[in-house]
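input_32.txt, holding compact mmCIF, C-alpha atoms:
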```txt
# COMPACT_ATOMS: atom_id res chain seq x y z
CA MET X 1 0.00 0.00 0.00
CA ILE X 2 2.89 2.38 0.76
CA ASP X 3 4.27 1.92 -2.75
CA PHE X 4 1.01 3.32 -4.17
CA PHE X 5 2.10 6.76 -2.90
CA TYR X 6 5.71 6.43 -4.09
CA PRO X 7 5.54 7.54 -7.80
CA PRO X 8 5.52 11.33 -7.12
CA PHE X 9 8.67 10.90 -4.99
CA ARG X 10 10.51 8.61 -7.43
CA LYS X 11 12.66 11.40 -8.84
CA ILE X 12 13.79 12.74 -5.47
CA MET X 13 14.43 9.61 -3.37
CA PRO X 14 15.00 5.87 -3.62
CA GLN X 15 12.09 3.59 -2.77
CA GLN X 16 13.78 2.27 0.38
CA ILE X 17 14.14 5.76 1.85
CA PHE X 18 10.50 6.49 1.00
CA ARG X 19 9.40 3.28 2.72
CA TYR X 20 11.59 4.02 5.75
CA GLY X 21 10.08 7.47 6.05
CA ALA X 22 6.51 6.27 5.57
CA CYS X 23 6.92 3.50 8.14
CA GLY X 24 8.72 5.82 10.53
CA VAL X 25 6.13 8.59 10.25
CA SER X 26 3.31 6.08 10.70
CA ASN X 27 4.94 4.64 13.81
CA VAL X 28 5.69 8.11 15.20
CA MET X 29 2.08 9.17 14.75
CA PHE X 30 0.98 5.96 16.47
CA ASP X 31 3.50 6.66 19.26
CA TRP X 32 2.20 10.19 19.79
CA VAL X 33 -1.41 9.00 19.96
CA VAL X 34 -0.59 6.22 22.44
CA TYR X 35 1.54 8.63 24.53
CA PHE X 36 -1.27 11.21 24.56
CA ILE X 37 -3.84 8.62 25.64
CA VAL X 38 -1.62 7.16 28.37
CA TYR X 39 -0.52 10.56 29.70
CA ASN X 40 -3.94 12.24 29.63
CA PHE X 41 -6.48 9.46 30.16
CA ILE X 42 -4.74 6.57 31.90
CA LEU X 43 -2.28 8.41 34.15
CA LYS X 44 -4.37 11.62 34.19
CA HIS X 45 -1.21 13.71 34.68
CA GLN X 46 -0.56 11.99 38.04
CA MET X 47 2.74 10.66 39.34
CA LEU X 48 3.04 6.88 39.17
CA HIS X 49 4.02 5.40 42.53
CA LEU X 50 5.54 1.94 42.18
CA GLY X 51 6.61 1.49 45.80
CA PHE X 52 10.35 1.52 45.18
CA VAL X 53 10.29 4.48 42.79
CA THR X 54 7.93 7.25 41.72
CA LEU X 55 7.79 8.26 38.07
CA SER X 56 6.54 11.58 36.83
CA SER X 57 3.49 11.16 34.62
CA TYR X 58 5.26 12.17 31.41
CA ILE X 59 8.11 9.70 32.01
CA ALA X 60 5.68 6.94 33.04
CA ALA X 61 3.71 7.54 29.83
CA TYR X 62 6.93 7.15 27.88
CA VAL X 63 7.80 3.93 29.75
CA PHE X 64 4.40 2.45 28.86
CA THR X 65 4.47 3.66 25.25
CA PHE X 66 7.98 2.66 24.24
CA PRO X 67 7.61 -1.16 24.29
CA ILE X 68 4.50 -0.95 22.14
CA THR X 69 5.98 1.29 19.50
CA ILE X 70 9.37 -0.42 19.40
CA VAL X 71 7.61 -3.65 18.40
CA THR X 72 5.47 -1.97 15.75
CA GLY X 73 8.52 -0.08 14.46
CA PHE X 74 10.60 -3.24 14.14
CA LEU X 75 7.85 -5.11 12.32
CA LEU X 76 7.27 -2.25 9.90
CA GLN X 77 10.96 -1.79 9.13
CA LYS X 78 11.68 -5.52 8.81
CA PHE X 79 8.72 -6.42 6.63
CA VAL X 80 8.22 -3.22 4.65
CA THR X 81 11.54 -1.37 4.35
CA PHE X 82 14.46 -3.76 4.84
CA THR X 83 13.11 -6.95 3.29
CA ASN X 84 16.34 -8.19 1.68
CA THR X 85 19.15 -7.69 4.17
CA GLY X 86 20.26 -11.31 4.44
CA LEU X 87 20.43 -11.13 8.22
CA GLN X 88 18.48 -13.48 10.46
CA ALA X 89 15.45 -11.93 12.12
CA ARG X 90 16.83 -12.51 15.62
CA VAL X 91 20.06 -10.66 14.75
CA GLN X 92 18.02 -7.78 13.40
CA LEU X 93 15.81 -7.80 16.49
CA VAL X 94 18.78 -7.75 18.88
CA ARG X 95 20.33 -4.87 16.95
CA TYR X 96 17.01 -3.05 16.84
CA LEU X 97 16.61 -3.47 20.59
CA LEU X 98 20.14 -2.14 21.19
CA VAL X 99 19.27 0.97 19.21
CA GLY X 100 16.03 1.07 21.20
CA VAL X 101 17.94 1.11 24.50
CA LEU X 102 20.01 4.02 23.21
CA ASN X 103 16.78 5.76 22.21
CA ILE X 104 15.33 5.22 25.68
CA THR X 105 18.34 6.94 27.18
CA LEU X 106 18.22 9.74 24.63
CA ASN X 107 14.47 10.28 25.11
CA TYR X 108 14.62 10.10 28.90
CA ALA X 109 17.41 12.66 29.12
CA GLY X 110 15.78 14.86 26.49
CA LEU X 111 12.35 14.77 28.14
CA LYS X 112 13.84 15.62 31.52
CA LEU X 113 15.79 18.50 30.01
CA LEU X 114 12.94 19.92 27.94
CA VAL X 115 10.22 19.58 30.59
CA GLU X 116 12.07 20.30 33.83
CA TYR X 117 14.70 22.79 32.70
CA PHE X 118 13.14 24.51 29.70
CA GLY X 119 9.51 24.33 30.90
CA ILE X 120 8.11 22.82 27.70
CA TYR X 121 4.83 20.91 28.06
CA PRO X 122 5.29 17.11 28.02
CA THR X 123 3.52 16.27 24.75
CA PRO X 124 5.37 18.87 22.62
CA ALA X 125 8.60 17.89 24.39
CA LYS X 126 7.97 14.28 23.38
CA MET X 127 7.41 15.41 19.79
CA ILE X 128 10.68 17.39 19.78
CA MET X 129 12.58 14.40 21.14
CA THR X 130 10.98 12.14 18.56
CA VAL X 131 12.26 14.29 15.71
CA PHE X 132 15.74 14.42 17.24
CA ALA X 133 15.80 10.67 17.88
CA ALA X 134 14.52 9.92 14.36
CA GLY X 135 17.75 11.20 12.83
CA PHE X 136 19.78 9.08 15.21
CA SER X 137 17.61 6.03 14.51
CA TYR X 138 17.78 6.42 10.74
CA PHE X 139 21.55 6.37 10.86
CA CYS X 140 21.63 3.35 13.20
CA GLN X 141 19.02 1.34 11.30
CA THR X 142 20.66 1.79 7.91
CA LYS X 143 24.25 1.35 9.08
CA PHE X 144 23.81 -1.23 11.85
CA THR X 145 20.45 -2.93 12.45
CA PHE X 146 19.44 -3.98 8.95
CA ARG X 147 22.85 -3.93 7.32
CA SER X 148 24.07 -7.23 5.99
CA SER X 149 27.40 -8.48 7.27
CA ILE X 150 28.74 -7.98 3.74
CA SER X 151 26.59 -5.41 1.99
CA HIS X 152 29.05 -3.85 -0.43
CA PRO X 153 32.16 -5.13 -2.26
CA LYS X 154 34.34 -2.57 -0.44
CA ASP X 155 33.04 -3.86 2.91
CA LYS X 156 33.96 -7.41 1.91
CA HIS X 157 37.56 -6.32 1.30
CA LYS X 158 37.70 -4.46 4.62
CA MET X 159 36.47 -7.54 6.46
CA MET X 160 39.15 -9.62 4.77
CA GLY X 161 41.84 -7.11 5.75
CA VAL X 162 42.37 -5.87 2.18
CA GLN X 163 42.43 -2.10 1.59
```

Rewrite the coordinates I just gave you, this time as structure tokens.
Amino acid sequence: MIDFFYPPFRKIMPQQIFRYGACGVSNVMFDWVVYFIVYNFILKHQMLHLGFVTLSSYIAAYVFTFPITIVTGFLLQKFVTFTNTGLQARVQLVRYLLVGVLNITLNYAGLKLLVEYFGIYPTPAKMIMTVFAAGFSYFCQTKFTFRSSISHPKDKHKMMGVQ
């Protein structure tokens, strides 16, 4: 279905980049909706007391949202964008989760900074962090997660120690 919308973009970007962007934007929109629902209607802007730790409502909403959208993001990227990488699904999943852990750290620090130090409302702060993290994720997904062990003839020579 995504490819139906590709023809107008054919001259300005390869199909894989279009698919990556379409999947990414779809998952981001889904993430924002889930975050909004959790923050506003489930947590109702209240701190989440877990006994051993208390999470602010905007961080708790992120903690609940992230596992959902990391799964949907992986499935979209694996089955729509990077369909021919030659890597086993479990290798891709482990790499994707590693990038996810880095994104958790990046988002946590960014949300704390934007909300507590710059006074930005939680939902717009989440949106800002999403855009920032998207650039980081794009680089990691194309160069690490879905990259074949030997994806280019030059890489093959590097792996064999030939320059």

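Atom pair atom CA of Ile120 of chain X / atom CA of Val33 of chain X: separated by 18.5 Å.
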
Restricting the calculation to all atoms listed in the file, which member of X:Ala134, X:Val71, X:Met127, X:Ala60 is positioned closest to Asn40 of chain X? X:Ala60

Straight-line distance linking atom CA of Pro122 of chain X with atom CA of Phe136 of chain X, stated in Å to one decimal: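 Atom-to-atom, atom CA of Pro122 of chain X to atom CA of Phe136 of chain X, that is 20.9 Å.
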
Which residues, written as a list of chain:residue names, have at least one atom at most 10 Å from Arg19 of chain X, with all atoms listed in the file counted and residues fewer than 6 positions away on the same chain left out?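 Selected residues are X:Ile2, X:Asp3, X:Phe5, X:Tyr6, X:Val25, X:Leu76, X:Gln77, X:Val80, X:Thr81, X:Phe82.
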
Next, dump the selected residues to file, keeping only C-alpha atoms, as a PDB file, keeping the file's coordinate frame.
```
ATOM      1  CA  ILE X   2       2.890   2.380   0.760  1.00  0.00           C
ATOM      2  CA  ASP X   3       4.270   1.920  -2.750  1.00  0.00           C
ATOM      3  CA  PHE X   5       2.100   6.760  -2.900  1.00  0.00           C
ATOM      4  CA  TYR X   6       5.710   6.430  -4.090  1.00  0.00           C
ATOM      5  CA  VAL X  25       6.130   8.590  10.250  1.00  0.00           C
ATOM      6  CA  LEU X  76       7.270  -2.250   9.900  1.00  0.00           C
ATOM      7  CA  GLN X  77      10.960  -1.790   9.130  1.00  0.00           C
ATOM      8  CA  VAL X  80       8.220  -3.220   4.650  1.00  0.00           C
ATOM      9  CA  THR X  81      11.540  -1.370   4.350  1.00  0.00           C
ATOM     10  CA  PHE X  82      14.460  -3.760   4.840  1.00  0.00           C
TER      11      PHE X  82
END
```

Between X:Val38, X:Leu114, X:Ala89, X:Val28, single out the one closest to Val63 of chain X, counting all atoms listed in the file. X:Val38

What does the distance between atom CA of Tyr121 of chain X and atom CA of Tyr39 of chain X come to in Å, to one decimal place?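 Going from atom CA of Tyr121 of chain X over to atom CA of Tyr39 of chain X, I get 11.8 Å.
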
Set the distance at 10 Å and use only C-alpha atoms: which residues neighbour Cys140 of chain X once local chain neighbours fewer than 4 positions away are removed? I'd like the list as a ChimeraX atom specification. /X:95-96,98-99,134-136,144-147

Nearest to Lys126 of chain X: which of X:Ala61, X:Leu55, X:Leu102, X:Leu93 is it, counting all atoms listed in the file? X:Ala61

Calculate, to one decimal in Å, the centre and edge lengths of the box along x, y and z of the file that holds all listed atoms of segment 15-24 of chain X with 3 Å of margin on each side, and present them as lines of an AutoDock Vina configuration file.
```
center_x = 10.3
center_y = 4.9
center_z = 3.9
size_x = 13.6
size_y = 11.2
size_z = 19.3
```

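Closest approach to Thr123 of chain X among X:Arg90, X:Lys143, X:Lys78, X:His45 is made by X:His45 (distances from all atoms listed in the file).
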
List as a PyMOL selection string the protein and nucleic acid residues near Tyr108 of chain X, meaning an atom at most 9 Å away when only C-alpha atoms are counted, but skip any in the same chain fewer than 5 places from it. chain X and resi 59+62+103+113

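For the set X:Ile12, X:Leu50, X:Cys23, X:Val115, the residue with the smallest atom-to-atom gap to Tyr138 of chain X is X:Cys23, counting only C-alpha atoms.
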
Between X:Tyr35, X:Gly119, X:Tyr20, X:Ile104, smallest distance to Leu75 of chain X by all atoms listed in the file belongs to X:Tyr20
